[in-house]
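Structure file coords-v3.cif with mmCIF, C-alpha atoms:
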```cif
data_protein
#
loop_
_atom_site.label_atom_id
_atom_site.label_comp_id
_atom_site.auth_asym_id
_atom_site.auth_seq_id
_atom_site.Cartn_x
_atom_site.Cartn_y
_atom_site.Cartn_z
CA MET A 534 -7.59 43.01 37.39
CA SER A 535 -9.73 40.11 36.23
CA THR A 536 -11.67 37.91 38.62
CA THR A 537 -13.60 36.08 35.89
CA ALA A 538 -12.88 32.37 35.45
CA GLY A 539 -11.46 31.85 31.98
CA PRO A 540 -12.14 28.87 29.72
CA LEU A 541 -8.86 27.20 30.73
CA THR A 542 -9.59 27.36 34.47
CA GLY A 543 -8.57 24.01 35.95
CA LEU A 544 -5.79 23.44 33.42
CA LYS A 545 -2.43 23.05 35.15
CA VAL A 546 0.72 24.22 33.35
CA ILE A 547 4.40 24.16 34.32
CA ASP A 548 6.59 26.72 32.55
CA LEU A 549 10.23 25.57 32.50
CA ALA A 550 11.19 27.78 29.57
CA THR A 551 13.13 31.04 29.20
CA LEU A 552 13.58 33.76 26.58
CA PHE A 553 10.89 34.11 25.06
CA ALA A 554 8.74 31.83 22.92
CA GLY A 555 8.02 29.14 25.50
CA PRO A 556 7.29 31.51 28.39
CA LEU A 557 5.02 33.67 26.24
CA ALA A 558 3.05 30.59 25.17
CA ALA A 559 2.55 29.75 28.85
CA THR A 560 1.48 33.35 29.49
CA MET A 561 -1.19 33.03 26.81
CA LEU A 562 -2.55 29.92 28.52
CA GLY A 563 -2.51 31.69 31.88
CA ASP A 564 -4.35 34.67 30.43
CA PHE A 565 -7.38 32.44 29.90
CA GLY A 566 -7.43 30.87 33.31
CA ALA A 567 -4.77 28.14 33.37
CA ASP A 568 -2.87 27.74 36.64
CA VAL A 569 0.70 28.34 35.45
CA ILE A 570 3.67 27.61 37.68
CA LYS A 571 6.85 29.32 36.52
CA VAL A 572 9.90 27.28 37.55
CA GLU A 573 13.18 29.19 37.84
CA HIS A 574 16.62 28.17 38.97
CA PRO A 575 17.18 29.16 42.62
CA ARG A 576 20.34 31.12 41.84
CA LYS A 577 19.74 32.06 38.20
CA PRO A 578 16.35 33.78 37.74
CA ASP A 579 14.68 33.89 34.33
CA PRO A 580 16.84 36.19 32.15
CA SER A 581 13.75 38.17 31.12
CA ARG A 582 13.81 39.70 34.60
CA GLY A 583 16.93 41.55 33.51
CA HIS A 584 15.99 42.31 29.90
CA GLY A 585 15.25 45.88 28.92
CA PRO A 586 14.39 48.82 31.15
CA ALA A 587 13.76 48.39 34.87
CA LYS A 588 12.07 50.52 37.50
CA ASP A 589 13.37 50.52 41.09
CA GLY A 590 15.42 47.47 40.14
CA VAL A 591 12.38 45.53 38.95
CA GLY A 592 12.48 44.35 35.33
CA LEU A 593 9.41 45.55 33.42
CA TRP A 594 9.50 42.92 30.66
CA TRP A 595 9.06 40.25 33.33
CA LYS A 596 5.93 41.98 34.59
CA LEU A 597 4.35 41.24 31.20
CA LEU A 598 5.90 37.83 30.52
CA GLY A 599 5.38 36.56 34.06
CA ARG A 600 1.79 37.68 34.49
CA ASN A 601 -0.78 35.16 35.72
CA LYS A 602 2.01 32.80 36.82
CA ARG A 603 2.93 31.56 40.27
CA THR A 604 6.69 31.42 40.78
CA LEU A 605 8.66 28.46 42.13
CA THR A 606 12.41 28.02 42.50
CA LEU A 607 13.73 24.56 41.65
CA ASP A 608 17.08 23.19 40.50
CA LEU A 609 16.07 20.43 38.09
CA SER A 610 19.61 19.07 37.90
CA ALA A 611 19.61 18.33 41.64
CA PRO A 612 18.08 15.03 42.84
CA GLY A 613 15.64 16.78 45.14
CA GLY A 614 14.60 19.17 42.42
CA ARG A 615 14.00 16.33 39.98
CA ASP A 616 11.82 14.54 42.53
CA VAL A 617 9.71 17.64 43.14
CA LEU A 618 9.20 18.19 39.42
CA LEU A 619 8.03 14.60 38.97
CA GLN A 620 5.56 15.14 41.80
CA LEU A 621 4.28 18.28 40.09
CA ALA A 622 4.17 16.56 36.71
CA ALA A 623 1.99 13.80 38.11
CA GLU A 624 -0.88 16.26 38.48
CA THR A 625 -0.08 18.64 35.62
CA ASP A 626 -1.67 18.88 32.18
CA VAL A 627 1.08 20.72 30.26
CA ILE A 628 4.80 21.31 30.62
CA VAL A 629 6.51 23.90 28.40
CA GLU A 630 10.30 23.67 28.12
CA ASN A 631 13.01 25.06 25.84
CA PHE A 632 16.23 23.39 26.95
CA ARG A 633 18.57 22.13 24.24
CA PRO A 634 17.55 18.65 23.03
CA GLY A 635 18.73 15.96 25.43
CA THR A 636 18.93 18.20 28.52
CA LEU A 637 15.77 16.92 30.21
CA GLU A 638 16.77 13.36 29.32
CA ARG A 639 20.16 13.90 30.95
CA TRP A 640 18.40 14.93 34.15
CA GLY A 641 16.09 11.93 34.05
CA LEU A 642 13.12 14.11 33.15
CA GLY A 643 12.56 13.18 29.51
CA PRO A 644 9.23 12.21 27.98
CA GLU A 645 9.61 8.59 29.10
CA GLU A 646 10.00 9.51 32.77
CA LEU A 647 7.34 12.22 32.65
CA HIS A 648 4.76 10.03 30.93
CA ALA A 649 5.53 7.24 33.39
CA VAL A 650 4.15 9.41 36.20
CA ASN A 651 1.44 11.04 34.04
CA PRO A 652 0.43 9.44 30.73
CA ARG A 653 -1.95 12.34 30.03
CA LEU A 654 0.79 14.99 30.14
CA VAL A 655 1.38 17.23 27.10
CA LEU A 656 5.08 18.13 26.88
CA ALA A 657 5.71 21.16 24.63
CA ARG A 658 9.35 21.37 23.57
CA VAL A 659 10.23 24.73 22.03
CA THR A 660 13.71 25.05 20.57
CA GLY A 661 15.43 27.04 17.89
CA PHE A 662 15.82 24.16 15.45
CA GLY A 663 13.64 21.33 16.74
CA GLN A 664 14.47 18.01 18.40
CA SER A 665 16.20 16.43 15.40
CA GLY A 666 18.31 17.39 12.39
CA PRO A 667 21.87 18.66 11.91
CA TYR A 668 21.26 21.95 13.76
CA ALA A 669 19.24 20.53 16.67
CA HIS A 670 21.96 20.96 19.28
CA ARG A 671 22.97 24.48 18.25
CA PRO A 672 22.00 27.43 20.46
CA GLY A 673 18.86 28.91 18.89
CA PHE A 674 17.25 32.32 19.24
CA GLY A 675 14.55 34.21 17.40
CA THR A 676 17.12 36.32 15.59
CA LEU A 677 18.46 33.22 13.88
CA ALA A 678 14.95 32.25 12.83
CA GLU A 679 14.36 35.71 11.39
CA ALA A 680 17.54 35.26 9.36
CA MET A 681 17.06 31.64 8.25
CA SER A 682 13.37 31.89 7.40
CA GLY A 683 13.87 34.49 4.68
CA PHE A 684 12.29 37.29 6.70
CA ALA A 685 15.45 39.42 6.90
CA ALA A 686 16.21 38.82 3.21
CA ILE A 687 12.96 40.51 2.09
CA THR A 688 12.96 43.25 4.75
CA GLY A 689 14.62 46.62 4.16
CA GLU A 690 15.27 48.94 1.26
CA PRO A 691 16.29 47.45 -2.13
CA ASP A 692 19.80 48.88 -1.93
CA GLY A 693 20.17 48.33 1.82
CA PRO A 694 21.19 45.34 3.94
CA PRO A 695 18.82 42.59 5.10
CA THR A 696 16.97 43.95 8.12
CA LEU A 697 16.14 42.26 11.41
CA PRO A 698 13.14 43.35 13.50
CA PRO A 699 13.93 45.40 16.64
CA PHE A 700 11.82 43.08 18.82
CA GLY A 701 11.21 39.36 19.32
CA LEU A 702 9.17 38.70 16.20
CA ALA A 703 10.04 35.03 15.58
CA ASP A 704 9.72 34.23 19.28
CA SER A 705 6.29 35.83 19.47
CA ILE A 706 5.05 33.99 16.38
CA ALA A 707 6.43 30.75 17.83
CA ALA A 708 4.63 31.45 21.11
CA LEU A 709 1.31 31.74 19.29
CA ALA A 710 2.04 28.51 17.44
CA THR A 711 3.01 26.75 20.67
CA ALA A 712 -0.18 27.78 22.43
CA TYR A 713 -2.15 26.52 19.42
CA ALA A 714 -0.16 23.26 19.39
CA VAL A 715 -0.80 22.71 23.09
CA MET A 716 -4.54 23.21 22.63
CA ALA A 717 -4.49 20.80 19.65
CA ALA A 718 -2.67 18.20 21.75
CA LEU A 719 -5.15 18.65 24.58
CA ALA A 720 -8.01 18.19 22.14
CA GLY A 721 -6.33 15.01 20.95
CA ARG A 722 -6.07 13.85 24.55
CA GLU A 723 -9.83 14.12 24.87
CA LYS A 724 -10.11 11.47 22.14
CA THR A 725 -7.26 9.15 23.09
CA GLY A 726 -6.88 9.73 26.81
CA GLU A 727 -3.13 10.14 26.35
CA GLY A 728 -0.76 13.06 26.22
CA GLN A 729 1.97 13.56 23.66
CA VAL A 730 5.09 15.57 22.84
CA VAL A 731 4.93 18.83 20.88
CA ASP A 732 8.13 19.47 18.92
CA LEU A 733 8.16 23.13 17.86
CA ALA A 734 11.14 24.71 16.10
CA ILE A 735 11.20 28.52 16.19
CA ILE A 736 12.51 28.59 12.61
CA GLU A 737 9.22 27.13 11.29
CA PRO A 738 6.22 29.29 12.33
CA ILE A 739 7.78 32.50 10.98
CA LEU A 740 8.34 30.76 7.64
CA THR A 741 4.63 29.91 7.55
CA VAL A 742 3.51 33.50 8.14
CA LEU A 743 5.79 34.76 5.36
CA GLY A 744 3.27 33.41 2.88
CA PRO A 745 3.68 31.38 -0.34
CA GLN A 746 7.35 32.09 -0.96
CA PRO A 747 8.38 28.40 -1.12
CA LEU A 748 5.49 27.74 -3.50
CA TRP A 749 6.46 30.70 -5.71
CA TYR A 750 10.03 29.45 -5.86
CA ASP A 751 9.02 25.85 -6.45
CA GLN A 752 6.68 26.64 -9.32
CA LEU A 753 8.22 29.76 -10.83
CA GLY A 754 11.76 30.05 -9.54
CA TYR A 755 10.68 33.41 -8.10
CA VAL A 756 12.70 34.90 -5.23
CA GLN A 757 11.03 37.87 -3.56
CA PRO A 758 13.39 40.88 -3.41
CA ARG A 759 13.59 43.63 -0.82
CA THR A 760 11.17 46.43 -1.74
CA GLY A 761 11.17 48.62 1.36
CA ASN A 762 7.61 49.63 2.23
CA ARG A 763 6.39 48.85 -1.26
CA SER A 764 4.84 45.60 -2.41
CA ARG A 765 5.26 43.49 -5.53
CA ASN A 766 1.63 42.39 -5.15
CA ASN A 767 -0.24 45.71 -5.16
CA ALA A 768 0.17 49.48 -5.36
CA PRO A 769 -0.06 52.08 -4.04
CA ARG A 770 1.22 50.63 -0.78
CA ASN A 771 3.70 52.69 1.20
CA THR A 772 4.23 55.15 4.03
CA TYR A 773 3.68 58.82 3.25
CA ARG A 774 4.51 62.03 5.09
CA THR A 775 1.76 64.55 5.77
CA ALA A 776 2.00 68.33 5.58
CA ASP A 777 2.35 68.59 9.37
CA GLY A 778 5.24 66.12 9.57
CA HIS A 779 3.38 62.95 10.54
CA TRP A 780 3.40 59.63 8.71
CA VAL A 781 0.56 57.45 7.50
CA ALA A 782 0.39 54.02 5.87
CA VAL A 783 -1.83 53.25 2.88
CA SER A 784 -2.84 49.82 1.62
CA THR A 785 -4.77 48.96 -1.55
CA SER A 786 -4.91 45.17 -1.46
CA ALA A 787 -8.51 45.30 -2.68
CA GLN A 788 -9.18 46.63 -6.20
CA SER A 789 -12.15 48.71 -5.04
CA VAL A 790 -10.00 50.41 -2.40
CA ALA A 791 -7.30 51.21 -4.96
CA GLU A 792 -9.92 52.92 -7.13
CA ARG A 793 -11.26 54.95 -4.19
CA VAL A 794 -7.75 56.14 -3.31
CA MET A 795 -7.08 57.38 -6.81
CA ARG A 796 -10.38 59.26 -6.92
CA LEU A 797 -9.60 60.82 -3.54
CA VAL A 798 -6.17 62.06 -4.62
CA GLY A 799 -7.52 63.53 -7.84
CA ARG A 800 -6.23 60.95 -10.33
CA PRO A 801 -9.34 59.01 -11.46
CA ASP A 802 -7.83 58.90 -14.93
CA LEU A 803 -5.39 56.21 -13.81
CA ILE A 804 -8.27 53.84 -13.02
CA ASP A 805 -8.99 53.51 -16.74
CA GLU A 806 -5.46 52.38 -17.56
CA PRO A 807 -5.39 48.74 -18.69
CA TRP A 808 -2.76 47.90 -16.06
CA PHE A 809 -4.81 49.24 -13.15
CA GLY A 810 -7.15 46.24 -12.98
CA ALA A 811 -4.86 43.94 -10.98
CA GLY A 812 -2.55 44.39 -8.02
CA THR A 813 0.50 42.88 -9.67
CA THR A 814 0.25 45.10 -12.73
CA ARG A 815 -0.44 48.16 -10.57
CA ALA A 816 2.78 47.30 -8.76
CA GLU A 817 4.65 47.67 -12.05
CA HIS A 818 3.58 51.33 -12.05
CA THR A 819 4.47 52.03 -8.43
CA GLU A 820 6.38 55.24 -9.14
CA GLU A 821 3.41 56.89 -10.83
CA LEU A 822 0.88 55.74 -8.25
CA ASP A 823 3.11 56.55 -5.29
CA GLY A 824 3.79 59.96 -6.75
CA ALA A 825 0.09 60.76 -7.02
CA VAL A 826 -0.77 59.55 -3.52
CA GLY A 827 2.33 61.02 -1.90
CA HIS A 828 1.79 64.42 -3.52
CA TRP A 829 -1.80 64.65 -2.27
CA ILE A 830 -0.92 63.52 1.26
CA SER A 831 2.01 65.93 1.45
CA ARG A 832 -0.38 68.86 0.99
CA HIS A 833 -2.73 67.86 3.84
CA SER A 834 -2.41 67.48 7.59
CA ARG A 835 -2.64 64.06 9.16
CA GLU A 836 -6.15 64.79 10.43
CA GLU A 837 -7.24 65.88 6.96
CA VAL A 838 -5.71 62.78 5.40
CA LEU A 839 -7.36 60.42 7.86
CA ASN A 840 -10.73 62.15 7.52
CA GLY A 841 -10.48 62.17 3.73
CA PHE A 842 -9.66 58.47 3.55
CA GLU A 843 -12.45 57.62 5.99
CA LYS A 844 -15.02 59.49 3.93
CA ALA A 845 -13.75 57.78 0.80
CA GLU A 846 -13.88 54.38 2.54
CA ALA A 847 -10.22 53.84 1.69
CA ALA A 848 -7.63 52.10 3.89
CA VAL A 849 -5.24 54.27 5.87
CA ALA A 850 -3.70 54.27 9.34
CA PRO A 851 -1.54 56.70 11.28
CA ILE A 852 1.95 55.42 12.06
CA HIS A 853 1.97 55.46 15.85
CA ASP A 854 4.78 55.25 18.30
CA VAL A 855 3.96 53.73 21.67
CA ARG A 856 2.84 57.09 23.10
CA GLU A 857 0.09 57.33 20.50
CA VAL A 858 -0.82 53.66 20.87
CA MET A 859 -1.62 54.33 24.53
CA GLU A 860 -4.00 57.15 23.57
CA ASP A 861 -5.59 55.78 20.40
CA PRO A 862 -9.42 55.75 20.69
CA GLN A 863 -9.78 52.41 18.90
CA TYR A 864 -7.39 50.67 21.25
CA ARG A 865 -9.22 52.30 24.15
CA ALA A 866 -12.57 51.09 22.87
CA LEU A 867 -11.24 47.54 22.58
CA GLY A 868 -9.56 47.65 25.99
CA THR A 869 -6.27 46.66 24.36
CA ILE A 870 -4.21 48.27 27.12
CA ALA A 871 -5.14 47.06 30.60
CA GLU A 872 -4.20 48.48 33.98
CA VAL A 873 -2.96 46.06 36.63
CA ASP A 874 -2.36 46.85 40.29
CA ASP A 875 1.08 45.50 41.17
CA PRO A 876 2.31 45.16 44.79
CA GLU A 877 5.87 46.09 43.81
CA LEU A 878 5.35 48.99 41.41
CA GLY A 879 1.74 50.10 41.83
CA PRO A 880 -0.56 50.54 38.81
CA LEU A 881 0.91 49.18 35.57
CA ARG A 882 -0.41 49.45 32.03
CA MET A 883 0.32 46.62 29.60
CA GLN A 884 -1.22 44.76 26.66
CA ASN A 885 -4.45 42.97 27.51
CA VAL A 886 -5.27 39.39 26.51
CA LEU A 887 -5.15 38.62 22.80
CA PHE A 888 -8.87 38.39 22.03
CA ARG A 889 -12.30 38.75 23.57
CA LEU A 890 -14.57 35.79 24.36
CA SER A 891 -18.21 36.69 24.96
CA GLU A 892 -18.95 34.10 27.66
CA THR A 893 -15.63 33.04 29.23
CA PRO A 894 -13.22 35.94 28.79
CA GLY A 895 -9.62 35.83 29.90
CA GLY A 896 -7.95 38.50 31.97
CA ILE A 897 -4.87 39.60 33.87
CA ARG A 898 -5.05 38.42 37.46
CA TRP A 899 -1.61 39.74 38.44
CA ALA A 900 1.63 40.93 36.87
CA GLY A 901 4.90 39.00 37.06
CA ARG A 902 5.69 38.06 40.63
CA PRO A 903 9.02 38.12 42.50
CA HIS A 904 11.50 35.28 42.07
CA GLY A 905 10.27 32.23 43.98
CA ALA A 906 7.41 34.10 45.63
CA ASP A 907 5.08 31.09 45.69
CA THR A 908 7.57 28.31 46.41
CA GLU A 909 6.33 27.41 49.90
CA GLU A 910 2.66 27.55 48.90
CA ILE A 911 3.19 25.33 45.85
CA LEU A 912 5.26 22.74 47.71
CA ALA A 913 2.87 22.68 50.65
CA GLY A 914 0.11 22.03 48.12
CA LEU A 915 2.05 18.93 47.06
CA GLY A 916 2.00 17.74 50.65
CA LEU A 917 5.62 18.54 51.47
CA SER A 918 6.21 19.33 55.12
CA GLU A 919 8.07 22.36 56.39
CA THR A 920 10.92 20.07 57.37
CA ARG A 921 11.13 18.63 53.86
CA ILE A 922 11.03 22.08 52.27
CA ALA A 923 13.80 23.27 54.59
CA ALA A 924 15.88 20.22 53.68
CA LEU A 925 15.47 20.92 49.98
CA ARG A 926 16.64 24.48 50.58
CA ASP A 927 19.70 23.20 52.46
CA GLN A 928 20.48 20.91 49.51
CA GLY A 929 20.29 23.85 47.07
CA ALA A 930 17.33 22.30 45.25
CA LEU A 931 15.14 25.36 45.99
#
```

What would the structure in this file look like if it were written as structure tokens?
Amino acid sequence: MSTTAGPLTGLKVIDLATLFAGPLAATMLGDFGADVIKVEHPRKPDPSRGHGPAKDGVGLWWKLLGRNKRTLTLDLSAPGGRDVLLQLAAETDVIVENFRPGTLERWGLGPEELHAVNPRLVLARVTGFGQSGPYAHRPGFGTLAEAMSGFAAITGEPDGPPTLPPFGLADSIAALATAYAVMAALAGREKTGEGQVVDLAIIEPILTVLGPQPLWYDQLGYVQPRTGNRSRNNAPRNTYRTADGHWVAVSTSAQSVAERVMRLVGRPDLIDEPWFGAGTTRAEHTEELDGAVGHWISRHSREEVLNGFEKAEAAVAPIHDVREVMEDPQYRALGTIAEVDDPELGPLRMQNVLFRLSETPGGIRWAGRPHGADTEEILAGLGLSETRIAALRDQGAL
């Protein structure tokens, strides 16, 4: 567990969000030192506590998503809960929320009220469709973004259905974008002295990472089809089965790499073909190139394939499941999987922080904590007396 002060030490963040983009953005800030307070409803804990497998009744996804956060129970719709949040907001740098547009305003906690108590506050609003537009008030989840963005339409086999990812792809991309947006807003605050509102729609960041598809359509009328593991931009690019039953992935985005692969698999003659000189024209001859690469790989073990590609300085990777990820020497060298000592479950292994900083590294200080575990400490830090805290509990605000 990390004891090093990260570069965001001193930054105060309130996480009001649930499932999954907003909370993950707050986790990323906490990973680099921010003091993150996770606010949950007193009687309705964050749904991520119940998502996926659990051990001894403790949700494991929450251990990852809730790491480096202190936990506070608060009913924002109750008068006492609203008052406490305004007190917290007065000394907070960032609030992350993902309620449907208008919800905070209905509770008297909209940007106007929040900026009245703290003009420097950055309010990050993460919703499926944004704060305005015809879909703004619809329920929004990452799955809908994966569908609307065009991701599902280009994913899957040519003769198969559009394919959704089996994990929270759009939410995770939106979380990265939200963390970036928050840091941009904070940088702006350094110049103006004032906070602002971040309006992030989950349907947008995933569209950005899909590449120039709108530009292709605008200029050429081109609509990218489903091509399975193949690419319309280069070849050979696919997954291939080895002689010992494993799978590897090959990429030849660079021309020099494509040439090395063909020499390795014994087909240097193809390099001299007039169509071999560009990725798009190579892609028109995918069957021939895939056949050559697949035939060579099918006659060698995975170890032989990986060693052969490494010696040839060609791009290949084994297709891991999570068991192999945990044992991969490159991930071990990078420290990608970290071990955290958890009071509830003992030692846990999970993904480490996203990147390494040489002077002010981030780290995992603790895994997700129990529901409301830090409520008394946080409220006492605001100056609330034991009597006041007890009264709030009696009112159902905590």

(message) Please list, as an MDAnalysis selection string, the residues that have an atom at most 10 Å away from (12.2, 16.9, 42.8) in the coordinates of this file, counting all atoms listed in the file.
(response) chainID A and resid 607:621 925 930:931

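Of the residues under consideration (A:Arg902, A:Met795, A:Asp805, A:Pro758), A:Pro758 shows the shortest atom-to-atom contact distance to A:Glu690 when counting all atoms listed in the file.
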
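Residues selected in this file by the PyMOL selection byres ((chain A and resi 625) around 9) comprise A:Leu544, A:Lys545, A:Val546, A:Ile547, A:Leu621, A:Ala622, A:Ala623, A:Glu624, A:Asp626, A:Val627, A:Ile628, A:Asn651, A:Arg653, A:Leu654, A:Val655.
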
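Atom to atom, atom CA of A:Gly693 and atom CA of A:Gly778 stand 24.5 Å apart.
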
(message) Running the PyMOL selection byres ((chain A and resi 815-831) around 9) on this model by hand, what would come out? Give it as number ranges by chain.
(response) A: 763-778, 781, 794-795, 797-800, 803, 808-814, 832-835, 837-838

(request) Using the chain letters and numbers from the file, give me the residues hit by the PyMOL selection byres ((chain A and resi 712-721) around 7), as an NGL selection string. (result) :A and (558 or 561-562 or 655 or 657 or 708-711 or 722-725 or 729 or 731)

Using all atoms listed in the file, find each residue of stretch 753-872 of chain A with at least one atom at most 6 Å away from an atom of stretch 876-892 of chain A; report its shortest atom-to-atom pair and that distance in Å (one decimal), sort the rows by chain and rising residue number, and return the result as a Markdown table.
```
| residue | atom | partner | partner_atom | distance |
| --- | --- | --- | --- | --- |
| A:Thr869 | CA | A:Asn885 | CA | 5.2 |
| A:Ile870 | CA | A:Gln884 | CA | 4.6 |
| A:Ala871 | CA | A:Asn885 | CA | 5.2 |
| A:Glu872 | CA | A:Arg882 | CA | 4.4 |
```

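For the pair atom CA of A:Ser784 and atom CA of A:Gly689, the separation is 17.9 Å.
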
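Neighbouring residues of A:Asp692 at 12 Å or closer, counting all atoms listed in the file and skipping chain neighbours under 2 positions away, are Ala686, Ile687, Thr688, Gly689, Glu690, Pro694, Pro695, Thr696, Pro758, Arg759, Thr760 and Gly761 of chain A.
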
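Atom CA of A:Ile735 to atom CA of A:Pro672 spans 11.7 Å [interatomic distance, one decimal].
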
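Comparing the minimum interatomic distances between A:Phe842 and each of A:Arg793, A:Gly868, A:Trp595, A:Pro807, counting only C-alpha atoms, we find that A:Arg793 sits nearest.
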
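Restricting the calculation to all atoms listed in the file, the smallest distance between A:Glu573 and any of A:His670, A:Arg603, A:Arg796, A:Arg926 is found for A:Arg603.
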
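Each of A:Gly643, A:Gly901, A:Pro699, A:Gly673 was checked against A:Val591 using all atoms listed in the file; the smallest atom-to-atom distance is that of A:Gly901.
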
(message) Within 8 Å of (14.1, 33.9, 16.5) in the file's own coordinates, which protein, DNA or RNA residues have an atom, counting all atoms listed in the file? List them as a PyMOL selection string.
(response) chain A and resi 661+673-679+701-704+735-736
